[in-house]
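S.K.: One structure, as structure tokens, below. Some questions next.
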Amino acid sequence: QVQLAESGGGLVQAGGSLRLACVSSGPSFNFKGYIMSWFRQGPGKEREFVAGISLGGGKSDYADSAKGRFTISRDNAKITVTLQMNSLQPEDTAVYYCALAPVYTTNYDNPTSYINWGQGTQVTVSS
């Protein structure tokens, strides 16, 4: 089974930036048949979609809270997806997870559509 591992979380002041990375490992798979997304779960909150990208075509989409501040990108040679987060605010504090879903998924913003998850990386933004 493909394994996902996130890195890059940490503590940052409001207005700062972080760059998260999600690296896949394990059995080779046809990555072009999948989308990879970032979700986050803040304290006492439900897991929510942040951004996603098609590993084949590169089409991306963002939650309204991420538009204009976050950028998702992919490196298919390394099967790695990064999330550049700028202008971070305390409300961005959460555990950030990367996840993998088949490209034909229609509800890509729904966590239940995803078949592989990483362990998560903590992002804390201080005011």
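In the structure tokens, chains take the letters A, B, ... in the order shown, each chain's residues start at 1, and ligands count up from 1 in the order shown.
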Report the residues of chain A whose backbone DSSP state falls under strand (DSSP E or B), written as a ChimeraX atom specification.
M.R.: /A:3-7,10-13,18-25,34-41,48-54,60-62,70-75,80-85,94-102,116-117,121-126
S.K.: Per DSSP on the backbone, filter chain A down to the residues in helix (DSSP H, G or I) and report them as a compact mmCIF listing (two decimals) with N, CA, C and O atoms, in the first residue's frame.
M.R.:
```txt
# COMPACT_ATOMS: atom_id res chain seq x y z
N PHE A 31 0.40 7.14 -10.71
CA PHE A 31 0.07 8.36 -9.99
C PHE A 31 -0.83 9.27 -10.80
O PHE A 31 -1.58 10.07 -10.25
N LYS A 32 -0.80 9.14 -12.13
CA LYS A 32 -1.63 10.02 -12.97
C LYS A 32 -3.11 9.71 -12.79
O LYS A 32 -3.96 10.47 -13.24
N GLY A 33 -3.41 8.62 -12.12
CA GLY A 33 -4.79 8.27 -11.89
C GLY A 33 -5.32 8.73 -10.54
O GLY A 33 -6.37 8.27 -10.10
N PRO A 90 -3.70 32.83 12.97
CA PRO A 90 -3.96 31.87 14.05
C PRO A 90 -5.05 30.86 13.71
O PRO A 90 -4.98 29.71 14.16
N GLU A 91 -6.01 31.23 12.92
CA GLU A 91 -7.09 30.30 12.56
C GLU A 91 -6.63 29.20 11.62
O GLU A 91 -7.37 28.24 11.36
N ASP A 92 -5.40 29.31 11.11
CA ASP A 92 -4.83 28.25 10.29
C ASP A 92 -4.20 27.15 11.14
O ASP A 92 -3.76 26.13 10.61
N PRO A 111 -13.53 14.23 2.95
CA PRO A 111 -12.48 13.30 3.41
C PRO A 111 -12.80 11.83 3.15
O PRO A 111 -11.89 11.03 2.96
N THR A 112 -14.08 11.49 3.08
CA THR A 112 -14.44 10.08 2.90
C THR A 112 -14.10 9.58 1.50
O THR A 112 -14.14 8.38 1.24
N SER A 113 -13.77 10.48 0.57
CA SER A 113 -13.40 10.07 -0.78
C SER A 113 -11.96 9.57 -0.87
O SER A 113 -11.56 9.04 -1.91
```
S.K.: Which residues, written as a CSV table (one decimal) with C-alpha atoms, in the first residue's frame, have at least one atom at most 12 Å from Ser87 of chain A, with only C-alpha atoms counted and residues fewer than 4 positions away on the same chain left out?
M.R.:
```
chain,number,residue,atom,x,y,z
A,12,VAL,CA,5.2,30.5,13.1
A,13,GLN,CA,4.0,34.0,13.9
A,14,ALA,CA,1.0,35.5,12.2
A,15,GLY,CA,1.9,36.7,8.8
A,16,GLY,CA,4.6,34.1,8.4
A,17,SER,CA,5.0,31.3,5.9
A,18,LEU,CA,5.4,27.5,6.0
A,19,ARG,CA,6.0,25.0,3.2
A,65,SER,CA,-9.9,30.1,3.2
A,66,ALA,CA,-6.8,29.1,1.2
A,67,LYS,CA,-7.3,31.1,-2.0
A,68,GLY,CA,-4.7,33.8,-2.5
A,69,ARG,CA,-2.6,32.6,0.4
A,70,PHE,CA,-1.8,28.9,-0.3
A,71,THR,CA,-0.3,27.3,-3.4
A,91,GLU,CA,-7.1,30.3,12.6
A,92,ASP,CA,-4.8,28.2,10.3
A,125,VAL,CA,0.4,30.1,14.2
A,127,SER,CA,-0.7,35.9,17.2
```
S.K.: List the spatial neighbours of Arg47 of chain A as a short mmCIF file (atom, residue, chain, number, x, y, z; two decimals) with N, CA and C atoms, in the first residue's frame - criterion: any atom at most 12 Å away, only C-alpha atoms, same-chain residues fewer than 2 positions off excluded.
M.R.:
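Wrote it out as selection.cif, contents follow:
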```
data_model
loop_
_atom_site.label_atom_id
_atom_site.label_comp_id
_atom_site.auth_asym_id
_atom_site.auth_seq_id
_atom_site.Cartn_x
_atom_site.Cartn_y
_atom_site.Cartn_z
N TRP A 38 -4.63 18.28 0.46
CA TRP A 38 -4.32 18.62 1.84
C TRP A 38 -5.62 18.92 2.56
N PHE A 39 -5.73 18.34 3.74
CA PHE A 39 -6.82 18.63 4.66
C PHE A 39 -6.22 19.14 5.96
N ARG A 40 -7.03 19.72 6.78
CA ARG A 40 -6.57 20.13 8.11
C ARG A 40 -7.68 19.92 9.12
N GLN A 41 -7.25 19.74 10.34
CA GLN A 41 -8.19 19.55 11.44
C GLN A 41 -7.72 20.35 12.63
N GLY A 42 -8.45 21.40 12.93
CA GLY A 42 -8.13 22.23 14.08
C GLY A 42 -8.74 21.68 15.35
N PRO A 43 -8.33 22.19 16.50
CA PRO A 43 -8.86 21.71 17.78
C PRO A 43 -10.38 21.82 17.84
N GLY A 44 -11.04 20.71 18.10
CA GLY A 44 -12.49 20.72 18.22
C GLY A 44 -13.23 20.91 16.92
N LYS A 45 -12.53 20.81 15.81
CA LYS A 45 -13.17 21.02 14.52
C LYS A 45 -13.15 19.76 13.67
N PHE A 49 -11.20 20.31 3.88
CA PHE A 49 -10.39 20.39 2.67
C PHE A 49 -9.67 21.73 2.61
N VAL A 50 -8.40 21.69 2.20
CA VAL A 50 -7.62 22.92 2.05
C VAL A 50 -7.30 23.16 0.57
N ALA A 94 -3.68 23.99 12.97
CA ALA A 94 -4.34 22.70 12.79
C ALA A 94 -3.28 21.64 12.52
N VAL A 95 -3.72 20.39 12.55
CA VAL A 95 -2.90 19.31 12.01
C VAL A 95 -3.25 19.20 10.53
N TYR A 96 -2.23 19.22 9.71
CA TYR A 96 -2.41 19.17 8.26
C TYR A 96 -2.08 17.76 7.77
N TYR A 97 -2.99 17.22 6.97
CA TYR A 97 -2.86 15.88 6.43
C TYR A 97 -2.84 15.92 4.91
N CYS A 98 -2.04 15.04 4.31
CA CYS A 98 -2.18 14.83 2.88
C CYS A 98 -2.90 13.51 2.66
N ALA A 99 -3.58 13.43 1.55
CA ALA A 99 -4.40 12.25 1.28
C ALA A 99 -4.50 12.03 -0.23
N ASP A 109 -13.56 17.27 -2.07
CA ASP A 109 -13.42 18.04 -0.83
C ASP A 109 -13.98 17.28 0.37
N ASN A 110 -14.40 16.05 0.16
CA ASN A 110 -14.95 15.22 1.23
C ASN A 110 -13.91 14.21 1.67
N PRO A 111 -13.53 14.23 2.95
CA PRO A 111 -12.48 13.30 3.41
C PRO A 111 -12.80 11.83 3.15
N THR A 112 -14.08 11.49 3.08
CA THR A 112 -14.44 10.08 2.90
C THR A 112 -14.10 9.58 1.50
N GLY A 120 0.00 13.23 9.42
CA GLY A 120 -0.28 14.61 9.77
C GLY A 120 0.95 15.34 10.28
#
```
S.K.: How many Å separate atom CA of Leu11 of chain A from atom CA of Thr93 of chain A?
M.R.: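 Straight-line distance from atom CA of Leu11 of chain A to atom CA of Thr93 of chain A works out to 9.2 Å.
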S.K.: Just the residues within 10 Å of Asn116 of chain A, please, counting only C-alpha atoms, with nothing from its chain fewer than 5 positions along; format it as a list in words.
M.R.: Gln1, Val2, Gln3, Leu4, Met36, Cys98, Ala99, Leu100 and Ala101 of chain A
S.K.: Quick one: of A:Ala5, A:Thr106, A:Gln89, A:Asp61, who's nearest to Thr124 of chain A, counting only C-alpha atoms?
M.R.: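 Using only C-alpha atoms, Thr124 of chain A sits closest to A:Gln89.
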S.K.: Nearest residue to Tyr104 of chain A out of A:Asp64, A:Ser24, A:Ser54, A:Ser7, using only C-alpha atoms?
M.R.: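 Result for the nearest residue to Tyr104 of chain A: A:Ser54.
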S.K.: In terms of the shortest atom-to-atom distance over only C-alpha atoms, which of A:Tyr108, A:Leu20, A:Gly57, A:Gly9 is closest to Ser37 of chain A?
M.R.: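 For Ser37 of chain A, the nearest of the given residues is A:Tyr108.
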S.K.: As a ChimeraX atom specification, please: the residues near Ile53 of chain A (cut-off 6 Å, only C-alpha atoms, same-chain neighbours under 4 positions excluded).
M.R.: /A:35-36,58-60
S.K.: For the residues in the current selection, export C-alpha atoms as an mmCIF file, in the first residue's frame.
M.R.:
```
data_model
loop_
_atom_site.group_PDB
_atom_site.id
_atom_site.type_symbol
_atom_site.label_atom_id
_atom_site.label_comp_id
_atom_site.auth_asym_id
_atom_site.auth_seq_id
_atom_site.Cartn_x
_atom_site.Cartn_y
_atom_site.Cartn_z
ATOM 1 C CA ILE A 35 -5.442 13.410 -6.972
ATOM 2 C CA MET A 36 -3.611 14.416 -3.833
ATOM 3 C CA GLY A 58 -2.039 19.344 -12.595
ATOM 4 C CA LYS A 59 -5.425 20.990 -12.158
ATOM 5 C CA SER A 60 -5.768 22.399 -8.670
#
```
